[in-house]
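Data from protein-v3.txt: compact mmCIF, C-alpha atoms and all ligand atoms
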# COMPACT_ATOMS: atom_id res chain seq x y z
CA MET A 14 52.05 -59.17 80.95
CA GLN A 15 52.53 -62.87 81.50
CA TYR A 16 54.35 -65.09 79.04
CA TYR A 17 53.86 -68.82 78.61
CA SER A 18 56.08 -71.39 76.98
CA LEU A 19 54.92 -72.69 73.61
CA HIS A 20 55.92 -76.16 74.83
CA ASN A 21 53.34 -75.73 77.60
CA ASN A 22 55.52 -77.36 80.21
CA ALA A 23 57.01 -74.48 82.20
CA PRO A 24 55.64 -71.85 84.60
CA ASN A 25 54.37 -68.53 83.24
CA VAL A 26 56.77 -65.63 83.72
CA SER A 27 56.72 -61.84 83.65
CA PHE A 28 58.35 -59.73 80.92
CA SER A 29 61.60 -59.28 82.87
CA GLU A 30 61.94 -62.98 83.62
CA ALA A 31 61.30 -63.87 79.99
CA VAL A 32 63.97 -61.38 78.87
CA ILE A 33 66.54 -62.63 81.37
CA LYS A 34 65.86 -66.33 80.70
CA GLY A 35 65.54 -66.03 76.91
CA LEU A 36 64.14 -69.53 76.50
CA ALA A 37 61.72 -71.31 78.88
CA PRO A 38 63.13 -74.19 80.98
CA ASP A 39 61.17 -76.68 78.81
CA LYS A 40 63.04 -75.20 75.78
CA GLY A 41 59.85 -73.60 74.45
CA LEU A 42 59.71 -70.03 73.12
CA TYR A 43 57.90 -67.54 75.31
CA PHE A 44 54.66 -66.11 73.94
CA PRO A 45 52.40 -63.36 75.35
CA LYS A 46 49.28 -64.63 77.18
CA SER A 47 47.11 -62.14 75.32
CA ILE A 48 47.29 -59.51 72.57
CA THR A 49 44.75 -56.70 72.95
CA PRO A 50 44.03 -54.61 69.83
CA LEU A 51 44.69 -50.88 70.08
CA PRO A 52 41.71 -48.50 69.83
CA GLN A 53 40.76 -47.34 66.32
CA SER A 54 41.58 -43.76 67.39
CA PHE A 55 45.28 -44.74 67.52
CA PHE A 56 45.31 -45.59 63.81
CA ASP A 57 43.01 -42.67 62.92
CA SER A 58 45.44 -40.13 64.37
CA ILE A 59 48.73 -41.95 63.75
CA GLU A 60 50.11 -39.23 61.48
CA ASN A 61 50.26 -36.95 64.52
CA LEU A 62 52.25 -39.37 66.67
CA SER A 63 56.04 -39.45 67.01
CA HIS A 64 58.00 -42.68 66.64
CA VAL A 65 58.51 -42.81 70.39
CA GLU A 66 54.77 -42.37 71.06
CA ILE A 67 53.93 -45.08 68.50
CA GLY A 68 56.56 -47.34 70.05
CA TYR A 69 55.19 -46.72 73.52
CA GLN A 70 51.53 -47.29 72.62
CA THR A 71 52.25 -50.49 70.71
CA ILE A 72 54.69 -52.14 73.15
CA LYS A 73 53.41 -51.11 76.58
CA GLN A 74 50.91 -53.97 76.99
CA PHE A 75 53.74 -56.47 76.42
CA ILE A 76 55.79 -55.00 79.23
CA GLY A 77 53.19 -54.15 81.84
CA GLU A 78 54.23 -52.48 85.07
CA GLU A 79 57.83 -53.61 85.09
CA ILE A 80 59.17 -50.55 83.29
CA PRO A 81 57.37 -47.31 84.20
CA GLU A 82 56.13 -44.99 81.42
CA LYS A 83 58.90 -42.43 81.77
CA GLU A 84 61.73 -44.99 81.73
CA LEU A 85 60.16 -46.91 78.85
CA LYS A 86 59.85 -43.72 76.81
CA ASP A 87 63.49 -42.85 77.59
CA ILE A 88 64.53 -46.30 76.35
CA LEU A 89 62.49 -45.83 73.16
CA GLU A 90 63.89 -42.33 72.62
CA ASP A 91 67.35 -43.83 72.68
CA VAL A 92 66.51 -46.89 70.57
CA LEU A 93 64.55 -45.08 67.84
CA SER A 94 67.02 -42.28 67.16
CA PHE A 95 67.19 -42.75 63.38
CA ASP A 96 64.89 -42.81 60.34
CA PHE A 97 62.74 -45.59 58.83
CA PRO A 98 61.78 -44.12 55.45
CA VAL A 99 59.60 -45.75 52.79
CA VAL A 100 61.16 -45.04 49.39
CA ASP A 101 59.06 -45.39 46.21
CA ILE A 102 60.67 -47.74 43.69
CA GLU A 103 57.93 -48.36 41.14
CA GLU A 104 54.30 -47.40 40.88
CA ASN A 105 52.60 -48.74 44.01
CA LEU A 106 55.75 -50.46 45.18
CA GLY A 107 58.29 -49.17 47.68
CA THR A 108 60.95 -50.24 50.11
CA LEU A 109 61.02 -49.66 53.84
CA GLU A 110 64.64 -48.86 54.65
CA LEU A 111 65.59 -50.36 58.00
CA PHE A 112 69.33 -49.80 57.73
CA HIS A 113 69.85 -46.33 59.10
CA GLY A 114 70.98 -47.51 62.55
CA PRO A 115 74.52 -47.83 63.90
CA THR A 116 75.33 -51.23 62.33
CA MET A 117 73.22 -50.63 59.20
CA ALA A 118 71.00 -53.70 59.53
CA PHE A 119 67.46 -53.92 60.89
CA LYS A 120 68.57 -55.86 63.95
CA ASP A 121 69.75 -52.63 65.58
CA VAL A 122 66.30 -51.79 66.97
CA GLY A 123 65.71 -55.16 68.59
CA ALA A 124 69.26 -55.44 69.92
CA ARG A 125 69.27 -51.93 71.37
CA PHE A 126 65.83 -52.39 72.94
CA MET A 127 66.82 -55.67 74.53
CA ALA A 128 70.10 -54.21 75.78
CA ARG A 129 68.40 -51.27 77.43
CA CYS A 130 65.70 -53.45 79.02
CA LEU A 131 68.32 -55.80 80.45
CA GLY A 132 70.35 -52.82 81.64
CA TYR A 133 67.26 -51.42 83.35
CA PHE A 134 66.43 -54.72 85.09
CA ASN A 135 70.03 -55.18 86.15
CA GLN A 136 70.84 -51.72 87.40
CA ASN A 137 70.48 -52.55 91.07
CA LYS A 138 71.62 -56.16 90.94
CA GLU A 139 74.93 -57.60 91.93
CA ASP A 140 74.76 -60.55 89.56
CA LYS A 141 75.87 -60.13 86.02
CA VAL A 142 74.06 -61.51 83.01
CA THR A 143 76.08 -62.97 80.17
CA VAL A 144 74.59 -62.70 76.73
CA LEU A 145 75.82 -65.59 74.62
CA VAL A 146 75.06 -65.39 70.93
CA ALA A 147 76.03 -67.14 67.70
CA THR A 148 76.03 -65.08 64.54
CA SER A 149 76.18 -65.70 60.83
CA GLY A 150 76.86 -62.01 60.33
CA ASP A 151 74.47 -59.22 61.29
CA THR A 152 73.16 -60.33 64.67
CA GLY A 153 76.59 -60.16 66.26
CA GLY A 154 77.30 -56.62 65.13
CA ALA A 155 73.93 -55.28 66.23
CA VAL A 156 74.16 -57.06 69.58
CA ALA A 157 77.74 -55.88 70.17
CA GLN A 158 76.88 -52.28 69.39
CA GLY A 159 73.57 -52.42 71.29
CA PHE A 160 75.10 -53.81 74.49
CA LEU A 161 78.34 -51.84 74.43
CA GLY A 162 78.91 -50.33 77.85
CA VAL A 163 75.64 -51.66 79.35
CA LYS A 164 76.27 -52.16 83.07
CA GLY A 165 75.90 -55.65 84.51
CA VAL A 166 75.94 -57.34 81.11
CA ASP A 167 78.81 -59.18 79.43
CA VAL A 168 78.47 -60.21 75.81
CA VAL A 169 80.14 -63.19 74.17
CA ILE A 170 79.70 -63.56 70.41
CA LEU A 171 80.63 -66.68 68.46
CA TYR A 172 81.17 -66.33 64.74
CA PRO A 173 82.42 -68.79 62.11
CA SER A 174 85.96 -68.12 60.98
CA GLY A 175 86.14 -66.85 57.40
CA LYS A 176 82.35 -66.99 56.90
CA VAL A 177 81.40 -63.39 57.73
CA SER A 178 82.25 -60.35 55.63
CA ASP A 179 85.19 -58.12 56.56
CA ILE A 180 82.86 -55.31 57.64
CA GLN A 181 80.74 -57.68 59.71
CA GLU A 182 83.86 -59.03 61.42
CA ARG A 183 85.06 -55.52 62.22
CA GLN A 184 81.70 -54.70 63.77
CA LEU A 185 82.16 -57.64 66.16
CA THR A 186 85.81 -57.43 66.99
CA THR A 187 86.74 -53.76 67.33
CA LEU A 188 84.57 -52.60 70.24
CA GLY A 189 86.24 -54.02 73.36
CA GLN A 190 84.83 -53.14 76.82
CA ASN A 191 82.13 -55.71 77.77
CA ILE A 192 82.11 -57.31 74.31
CA THR A 193 84.20 -60.40 73.48
CA ALA A 194 84.30 -62.05 70.06
CA LEU A 195 85.18 -65.73 69.69
CA GLU A 196 86.30 -66.80 66.25
CA VAL A 197 85.17 -70.39 65.90
CA ASP A 198 86.95 -72.90 63.74
CA GLY A 199 83.77 -74.12 61.96
CA VAL A 200 80.56 -72.99 60.28
CA PHE A 201 77.57 -71.11 61.71
CA ASP A 202 75.79 -74.32 62.69
CA ASP A 203 78.81 -75.25 64.86
CA CYS A 204 78.61 -71.87 66.66
CA GLN A 205 74.88 -72.36 67.17
CA GLU A 206 75.45 -75.89 68.54
CA MET A 207 78.07 -74.65 71.02
CA VAL A 208 75.73 -71.93 72.27
CA LYS A 209 72.87 -74.39 72.71
CA LYS A 210 75.14 -76.79 74.55
CA ALA A 211 76.27 -74.07 76.94
CA PHE A 212 72.65 -73.19 77.79
CA LEU A 213 72.04 -76.82 78.75
CA ASP A 214 75.31 -77.29 80.66
CA GLN A 215 74.59 -77.12 84.37
CA SER A 216 78.23 -76.73 85.30
CA ILE A 217 78.04 -73.39 83.50
CA THR A 218 74.48 -72.28 84.35
CA ASP A 219 75.08 -72.96 88.07
CA GLN A 220 77.85 -70.38 87.94
CA MET A 221 76.38 -67.70 85.72
CA GLN A 222 73.11 -66.35 84.31
CA LEU A 223 73.22 -66.91 80.58
CA THR A 224 70.74 -65.44 78.14
CA SER A 225 70.36 -65.32 74.39
CA ALA A 226 70.08 -62.28 72.14
CA ASN A 227 68.60 -64.03 69.12
CA SER A 228 65.05 -63.29 68.07
CA ILE A 229 63.84 -66.07 70.35
CA ASN A 230 64.28 -63.44 73.08
CA ILE A 231 61.03 -61.46 73.31
CA ALA A 232 62.85 -58.17 73.88
CA ARG A 233 64.75 -58.66 70.61
CA TRP A 234 61.70 -59.91 68.75
CA LEU A 235 58.73 -57.73 69.72
CA PRO A 236 60.07 -54.19 69.03
CA GLN A 237 60.40 -55.15 65.38
CA LEU A 238 56.64 -54.66 65.16
CA PHE A 239 57.33 -50.89 65.15
CA TYR A 240 58.62 -51.02 61.57
CA PHE A 241 55.29 -52.06 60.15
CA VAL A 242 53.46 -49.33 62.05
CA PHE A 243 55.99 -46.70 60.96
CA ALA A 244 55.45 -47.79 57.33
CA TYR A 245 51.69 -47.52 57.73
CA LYS A 246 52.05 -44.02 59.13
CA GLN A 247 53.90 -42.96 55.99
CA LEU A 248 51.64 -44.77 53.52
CA LYS A 249 48.20 -44.17 55.04
CA SER A 250 47.43 -41.06 52.95
CA LYS A 251 47.83 -43.09 49.74
CA GLY A 252 44.59 -44.88 50.63
CA LYS A 253 45.87 -48.27 49.42
CA GLU A 254 45.85 -51.68 51.03
CA ILE A 255 49.35 -52.57 52.17
CA VAL A 256 51.12 -55.81 51.34
CA PHE A 257 54.41 -56.42 53.19
CA SER A 258 57.15 -58.62 51.79
CA VAL A 259 59.74 -59.53 54.41
CA PRO A 260 63.11 -61.15 53.61
CA SER A 261 63.04 -63.95 56.17
CA GLY A 262 65.53 -66.26 57.86
CA ASN A 263 64.53 -66.99 61.43
CA PHE A 264 61.12 -65.38 60.76
CA GLY A 265 61.31 -63.03 63.75
CA ASN A 266 60.80 -59.83 61.77
CA ILE A 267 57.74 -61.00 59.85
CA CYS A 268 56.31 -62.58 62.99
CA ALA A 269 56.53 -59.19 64.73
CA GLY A 270 54.70 -57.69 61.74
CA ILE A 271 51.89 -60.16 62.29
CA VAL A 272 51.73 -59.08 65.94
CA ALA A 273 51.26 -55.48 64.67
CA HIS A 274 48.40 -56.77 62.51
CA LYS A 275 46.86 -58.38 65.62
CA LEU A 276 47.06 -54.99 67.31
CA GLY A 277 44.77 -53.72 64.55
CA LEU A 278 47.26 -52.48 61.94
CA PRO A 279 45.55 -52.59 58.53
CA VAL A 280 47.61 -55.02 56.42
CA LYS A 281 46.24 -56.86 53.37
CA HIS A 282 48.79 -59.65 53.22
CA PHE A 283 52.19 -60.80 54.48
CA ILE A 284 54.77 -62.37 52.20
CA ALA A 285 57.79 -64.23 53.55
CA ALA A 286 60.54 -64.08 50.94
CA THR A 287 63.37 -66.57 51.42
CA ASN A 288 66.46 -67.73 49.60
CA ILE A 289 66.78 -71.43 48.76
CA ASN A 290 66.50 -72.28 52.44
CA ASP A 291 62.82 -72.89 51.82
CA THR A 292 61.48 -74.89 54.77
CA VAL A 293 58.50 -72.56 55.23
CA VAL A 294 57.77 -72.34 51.50
CA ARG A 295 57.53 -76.13 51.41
CA PHE A 296 55.36 -76.10 54.53
CA MET A 297 52.89 -73.73 52.84
CA GLU A 298 52.64 -76.14 49.92
CA THR A 299 52.34 -79.39 51.85
CA SER A 300 51.45 -78.41 55.45
CA GLN A 301 54.37 -80.68 56.50
CA TYR A 302 57.14 -79.05 58.50
CA ASP A 303 60.34 -80.68 57.34
CA PRO A 304 63.45 -78.66 58.32
CA LYS A 305 66.72 -79.14 56.41
CA PRO A 306 70.33 -78.16 57.20
CA SER A 307 71.05 -74.63 56.00
CA VAL A 308 72.70 -73.96 52.64
CA SER A 309 75.02 -70.97 51.97
CA THR A 310 73.70 -68.18 49.75
CA ILE A 311 74.54 -64.55 48.92
CA SER A 312 71.76 -63.44 51.29
CA ASN A 313 73.57 -65.13 54.17
CA ALA A 314 71.59 -63.58 57.03
CA MET A 315 68.71 -65.75 55.85
CA ASP A 316 70.61 -69.03 55.64
CA VAL A 317 68.41 -70.78 58.17
CA GLY A 318 67.09 -74.31 57.70
CA ASN A 319 64.89 -74.49 60.79
CA PRO A 320 63.43 -71.04 61.50
CA SER A 321 62.88 -70.64 65.26
CA ASN A 322 60.01 -68.18 65.07
CA PHE A 323 57.76 -70.07 62.69
CA ILE A 324 56.09 -71.75 65.65
CA ARG A 325 55.12 -68.29 66.93
CA ILE A 326 53.58 -67.43 63.56
CA GLN A 327 51.48 -70.58 63.65
CA GLN A 328 50.37 -69.69 67.17
CA LEU A 329 49.32 -66.20 65.99
CA PHE A 330 46.93 -67.95 63.58
CA ASP A 331 45.75 -70.39 66.29
CA ASN A 332 47.60 -73.19 64.48
CA ASN A 333 44.94 -73.02 61.76
CA PHE A 334 46.57 -73.71 58.40
CA GLN A 335 43.75 -72.18 56.35
CA SER A 336 43.70 -68.97 58.34
CA LEU A 337 47.50 -68.74 57.99
CA LYS A 338 47.19 -69.28 54.25
CA ASN A 339 44.63 -66.50 53.88
CA ASN A 340 47.00 -63.93 55.37
CA PHE A 341 50.47 -65.22 54.59
CA SER A 342 52.36 -66.53 51.55
CA ALA A 343 55.96 -67.66 51.14
CA PHE A 344 58.22 -67.75 48.09
CA SER A 345 61.83 -68.78 47.65
CA PHE A 346 64.47 -67.52 45.20
CA ASP A 347 67.94 -68.68 44.27
CA ASP A 348 71.06 -66.52 44.02
CA LYS A 349 70.74 -66.16 40.27
CA ALA A 350 67.23 -64.70 40.53
CA THR A 351 68.40 -62.47 43.38
CA LYS A 352 71.24 -61.00 41.30
CA GLU A 353 68.89 -60.50 38.34
CA ALA A 354 66.50 -58.61 40.61
CA MET A 355 69.31 -56.40 41.96
CA LYS A 356 70.27 -55.55 38.36
CA LYS A 357 66.69 -54.91 37.30
CA ILE A 358 65.95 -52.59 40.22
CA TYR A 359 69.18 -50.71 39.59
CA LYS A 360 68.60 -50.39 35.86
CA GLN A 361 65.02 -49.16 36.24
CA THR A 362 65.44 -46.79 39.13
CA GLN A 363 69.14 -46.48 40.08
CA TYR A 364 68.20 -47.90 43.47
CA VAL A 365 70.87 -50.12 45.00
CA ALA A 366 69.25 -53.03 46.83
CA ASP A 367 71.24 -55.48 48.90
CA PRO A 368 70.67 -59.22 48.24
CA HIS A 369 68.16 -59.55 51.12
CA GLY A 370 66.08 -56.59 49.93
CA ALA A 371 66.16 -57.98 46.39
CA VAL A 372 64.68 -61.25 47.66
CA GLY A 373 61.92 -59.19 49.29
CA TYR A 374 61.28 -57.39 46.00
CA LEU A 375 60.97 -60.73 44.23
CA GLY A 376 58.42 -61.81 46.84
CA LEU A 377 56.13 -58.96 45.77
CA LYS A 378 56.55 -59.94 42.11
CA SER A 379 55.63 -63.57 42.75
CA TYR A 380 52.61 -62.53 44.81
CA GLY A 381 51.41 -60.22 42.02
CA LEU A 382 50.10 -56.93 43.40
CA LYS A 383 46.47 -56.24 42.59
CA LYS A 384 44.64 -52.99 41.90
CA GLY A 385 44.30 -50.89 45.03
CA GLU A 386 47.32 -52.51 46.72
CA TYR A 387 50.67 -50.97 47.63
CA GLY A 388 53.56 -53.39 48.10
CA VAL A 389 56.40 -52.72 50.53
CA PHE A 390 59.52 -54.84 50.72
CA LEU A 391 61.73 -54.44 53.76
CA GLU A 392 65.31 -53.42 53.01
CA THR A 393 66.93 -55.18 55.95
CA ALA A 394 70.56 -54.18 55.40
CA HIS A 395 72.53 -51.42 53.74
CA PRO A 396 74.19 -52.65 50.52
CA VAL A 397 77.61 -51.76 51.95
CA LYS A 398 77.29 -54.72 54.33
CA PHE A 399 77.46 -57.00 51.30
CA LEU A 400 79.97 -54.85 49.48
CA ASP A 401 81.69 -57.44 47.30
CA ILE A 402 78.57 -59.04 45.96
CA VAL A 403 76.75 -55.75 45.35
CA GLU A 404 79.70 -54.06 43.60
CA GLU A 405 80.37 -57.12 41.49
CA THR A 406 76.72 -57.64 40.49
CA LEU A 407 75.96 -54.02 39.64
CA CYS A 408 79.45 -53.03 38.43
CA ILE A 409 79.46 -49.97 40.67
CA LYS A 410 81.47 -48.60 43.57
CA ILE A 411 79.59 -48.02 46.79
CA GLN A 412 80.46 -45.14 49.05
CA ILE A 413 81.32 -46.33 52.53
CA PRO A 414 79.04 -44.57 55.03
CA GLU A 415 80.48 -42.83 58.05
CA GLN A 416 79.34 -45.48 60.58
CA ILE A 417 81.39 -48.09 58.70
CA GLN A 418 84.31 -45.80 57.83
CA LYS A 419 84.96 -45.34 61.53
CA ILE A 420 85.73 -49.01 62.14
CA MET A 421 87.73 -49.73 58.99
CA ASN A 422 91.08 -48.94 60.57
CA LYS A 423 90.48 -50.31 64.04
CA GLN A 424 92.26 -53.42 65.14
CA LYS A 425 90.30 -56.67 65.20
CA ILE A 426 90.53 -58.41 68.55
CA ARG A 427 89.14 -61.92 68.88
CA ILE A 428 89.86 -65.16 70.63
CA LYS A 429 90.32 -68.20 68.42
CA THR A 430 88.15 -71.03 69.68
CA LYS A 431 88.41 -74.61 68.47
CA ASP A 432 85.57 -76.40 70.17
CA TYR A 433 83.05 -76.52 72.99
CA LYS A 434 85.70 -77.31 75.60
CA GLU A 435 87.48 -74.05 74.82
CA LEU A 436 84.22 -72.09 74.97
CA LYS A 437 83.50 -73.56 78.38
CA GLU A 438 86.98 -72.77 79.67
CA PHE A 439 86.57 -69.23 78.45
CA LEU A 440 83.18 -68.77 80.15
CA LEU A 441 84.34 -70.21 83.48
CA HIS A 442 87.77 -68.58 83.58
C1 LIG B 501 68.57 -61.27 60.26
C2 LIG B 501 68.36 -60.76 58.87
C3 LIG B 501 67.27 -61.19 58.09
C4 LIG B 501 66.29 -62.24 58.57
O1 LIG B 501 65.46 -61.77 59.59
P1 LIG B 501 64.62 -62.82 60.46
O2 LIG B 501 63.94 -62.00 61.49
O3 LIG B 501 65.61 -63.77 61.04
O4 LIG B 501 63.67 -63.49 59.53
C5 LIG B 501 67.10 -60.64 56.83
N1 LIG B 501 67.98 -59.73 56.34
C6 LIG B 501 69.04 -59.31 57.06
C7 LIG B 501 69.98 -58.34 56.44
C8 LIG B 501 69.27 -59.79 58.35
O5 LIG B 501 70.33 -59.37 59.04
Before we go any further, please render this structure as structure tokens.
Ligand SMILES: *Cc1c(COP(=O)(O)O)cnc(C)c1O
Amino acid sequence: MQYYSLHNNAPNVSFSEAVIKGLAPDKGLYFPKSITPLPQSFFDSIENLSHVEIGYQTIKQFIGEEIPEKELKDILEDVLSFDFPVVDIEENLGTLELFHGPTMAFKDVGARFMARCLGYFNQNKEDKVTVLVATSGDTGGAVAQGFLGVKGVDVVILYPSGKVSDIQERQLTTLGQNITALEVDGVFDDCQEMVKKAFLDQSITDQMQLTSANSINIARWLPQLFYFVFAYKQLKSKGKEIVFSVPSGNFGNICAGIVAHKLGLPVKHFIAATNINDTVVRFMETSQYDPKPSVSTISNAMDVGNPSNFIRIQQLFDNNFQSLKNNFSAFSFDDKATKEAMKKIYKQTQYVADPHGAVGYLGLKSYGLKKGEYGVFLETAHPVKFLDIVEETLCIKIQIPEQIQKIMNKQKIRIKTKDYKELKEFLLH
């Protein structure tokens, strides 16, 4: 498969080149040259297919010859080693739980897939790749865990001091080996700026191969399409039309869902549910794209003012606003509404939703499910990752799962970093 830059000013590249580069030299996001729908027989017999087989059938055209069938299936076996259950919440409304992986957020699948692809491409190379990533919370943990011990890859994670939860910080700082955490004196936007600056700094890129592990990287982004297919597999026998509501920040997850739809997955409608960082919601009202600086909320993994992947979504609808509108809606909710929704879900069903999932639930309510439809909101993180806010809102105690328990007593190791100069010194040391 060839990938082109959405800025249309860089050479086409293969899958491996796109993964290693992350972003095209003209700063555009890579996008597949073509998307070929799967045969109807795939969807007709999906209930007989394993997760690995579904993963293989849906992703293979995006990879092409560069990873042979056996190796690709081994990678998928490793990546998809946990469950993705749909849990009924109300009549014709359920949640797709994506938090059963090692760091208990949905980014585990993308991070692990990307790590194993990079590891595969790098196995016989002398040169190392350095993954440089800024995190507002969950990305860093998933990337750290996904890349831990991968040969030929070093990982450097920048996170804003005091702005991530205790559990999130432990997930970044307690692993060691090829993972280094830099605690930046600033906010997430400062971390992001420093990372961007490093990618453009020739005195660094002449010395080392840098790549990103955000959802701009196709190997992080594309495997997220599996979730939507796994949900369909579980819901098919209900005979309803499926509406997905996706808590969205950088819009990578929902964009991958739309790729699944392009592959032929029957989906009635996509809903992007956001917090008050509502750039896309405003775009859907006015057709003007007017990004704003991000604002802090209790669903902090979605505090994004200029979502990188929205340009890919527009491309998937041939930049046709009407066609986008027919298939896609967006709604935004403030923290107060989010907490009310968490309480309501808990009161009605005893289900504990995290703030991101609750925003997704609200998306389905604003859309208004019709007869014959089944609504699914994606539960993108386990409530324990937002322990304080969930316990305080619902007045309950949450049991700490084993994955998290294990890191609670480990020592945090991180390097305090003041500014770009210190980042650069660290990278070139
Ligand atoms: C990253 C994240 C999101 C947002 O996903 P995007 O693909 O960036 O839209 C939502 N919820 C949680 C818990 C996340 O970690």
Quiz item: How would you write, as an NGL selection string, the set of residues no farther than 6 Å from ligand LIG 501 (chain B) when counting all atoms listed in the file?
Solution: :A and (118 or 151 or 260-266 or 314-315 or 369 or 393-394)
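With all atoms listed in the file as the atoms that count, the residue of A:Met421, A:Val32, A:Val280, A:Ala128 with the shortest distance to Gln15 of chain A is A:Val32.
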Self-check item: Separation of atom CA of Val156 of chain A from atom CA of Ile170 of chain A, in Å and rounded to one decimal
Solution: 8.6 Å
Quiz item: Which residue gives the smallest distance to Val242 of chain A among A:Ile59, A:Val403, A:Ile192, A:Val100, with all atoms listed in the file counted?
Solution: A:Ile59
Could you give me, as a Markdown table, a per-residue list for segment 130-234 of chain A showing, wherever an atom lies at most 9 Å from an atom of segment 66-81 of chain A, the closest pair of atoms and their distance in Å to one decimal, using all atoms listed in the file and sorting by chain then residue number from low to high?
| residue | atom | partner | partner_atom | distance |
| --- | --- | --- | --- | --- |
| A:Cys130 | CA | A:Ile80 | CA | 8.3 |
| A:Tyr133 | CA | A:Ile80 | CA | 8.1 |
| A:Phe134 | CA | A:Ile80 | CA | 8.6 |
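By all atoms listed in the file, and with residues fewer than 6 positions from Val144 of chain A along its chain excluded, the set lying at most 7 Å from it is A:Asp167, A:Val168, A:Val169, A:Leu223, A:Thr224, A:Ser225, A:Ala226.
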Let's have the selection written as a compact mmCIF listing (two decimals), in the coordinates of the input, with C-alpha atoms.
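Result saved to out_35.txt:
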# COMPACT_ATOMS: atom_id res chain seq x y z
CA ASP A 167 78.81 -59.18 79.43
CA VAL A 168 78.47 -60.21 75.81
CA VAL A 169 80.14 -63.19 74.17
CA LEU A 223 73.22 -66.91 80.58
CA THR A 224 70.74 -65.44 78.14
CA SER A 225 70.36 -65.32 74.39
CA ALA A 226 70.08 -62.28 72.14
Quiz item: Smallest atom-to-atom distance to Phe126 of chain A: which of A:Asp214, A:Asp432, A:Glu90, A:Glu103, using all atoms listed in the file?
Solution: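 Of A:Asp214, A:Asp432, A:Glu90, A:Glu103, the one nearest Phe126 of chain A, counting all atoms listed in the file, is A:Glu90.
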Quiz item: Hey, can you check how far atom CA of Leu109 of chain A sits from atom CA of Ala244 of chain A?
Solution: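 Calculated distance between atom CA of Leu109 of chain A and atom CA of Ala244 of chain A is 6.8 Å.
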Exercise. To one decimal in Å, tell me the separation between atom CA of Glu30 of chain A and atom CA of Ile229 of chain A.
Key: 13.8 Å
Quiz prompt | From A:Asn22, A:Glu206, A:Leu106, A:Gln247, residue lying nearest Glu60 of chain A [only C-alpha atoms] | solution = A:Gln247
Take segment 21-30 of chain A, model N, CA, C and O atoms, and hand the result over as a short mmCIF file (atom, residue, chain, number, x, y, z; two decimals), in the frame of the given file.
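The resulting file, rebuild.cif, is reproduced below:
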data_model
loop_
_atom_site.label_atom_id
_atom_site.label_comp_id
_atom_site.auth_asym_id
_atom_site.auth_seq_id
_atom_site.Cartn_x
_atom_site.Cartn_y
_atom_site.Cartn_z
N ASN A 21 54.37 -75.52 76.57
CA ASN A 21 53.34 -75.73 77.60
C ASN A 21 53.78 -76.58 78.79
O ASN A 21 52.97 -77.26 79.39
N ASN A 22 55.06 -76.52 79.11
CA ASN A 22 55.52 -77.36 80.21
C ASN A 22 56.47 -76.61 81.14
O ASN A 22 57.43 -77.16 81.66
N ALA A 23 56.17 -75.31 81.33
CA ALA A 23 57.01 -74.48 82.20
C ALA A 23 56.10 -73.41 82.80
O ALA A 23 55.05 -73.09 82.24
N PRO A 24 56.49 -72.87 83.96
CA PRO A 24 55.64 -71.85 84.60
C PRO A 24 55.57 -70.57 83.75
O PRO A 24 56.50 -70.27 83.00
N ASN A 25 54.46 -69.85 83.88
CA ASN A 25 54.37 -68.53 83.24
C ASN A 25 55.35 -67.57 83.92
O ASN A 25 55.66 -67.72 85.10
N VAL A 26 55.81 -66.60 83.16
CA VAL A 26 56.77 -65.63 83.72
C VAL A 26 56.36 -64.22 83.31
O VAL A 26 55.56 -64.02 82.40
N SER A 27 56.95 -63.24 83.99
CA SER A 27 56.72 -61.84 83.65
C SER A 27 57.65 -61.45 82.50
O SER A 27 58.54 -62.22 82.10
N PHE A 28 57.49 -60.22 82.00
CA PHE A 28 58.35 -59.73 80.92
C PHE A 28 59.83 -59.82 81.31
O PHE A 28 60.64 -60.37 80.56
N SER A 29 60.18 -59.31 82.50
CA SER A 29 61.60 -59.28 82.87
C SER A 29 62.19 -60.68 82.96
O SER A 29 63.31 -60.93 82.50
N GLU A 30 61.43 -61.60 83.53
CA GLU A 30 61.94 -62.98 83.62
C GLU A 30 62.14 -63.59 82.24
O GLU A 30 63.12 -64.30 82.00
#
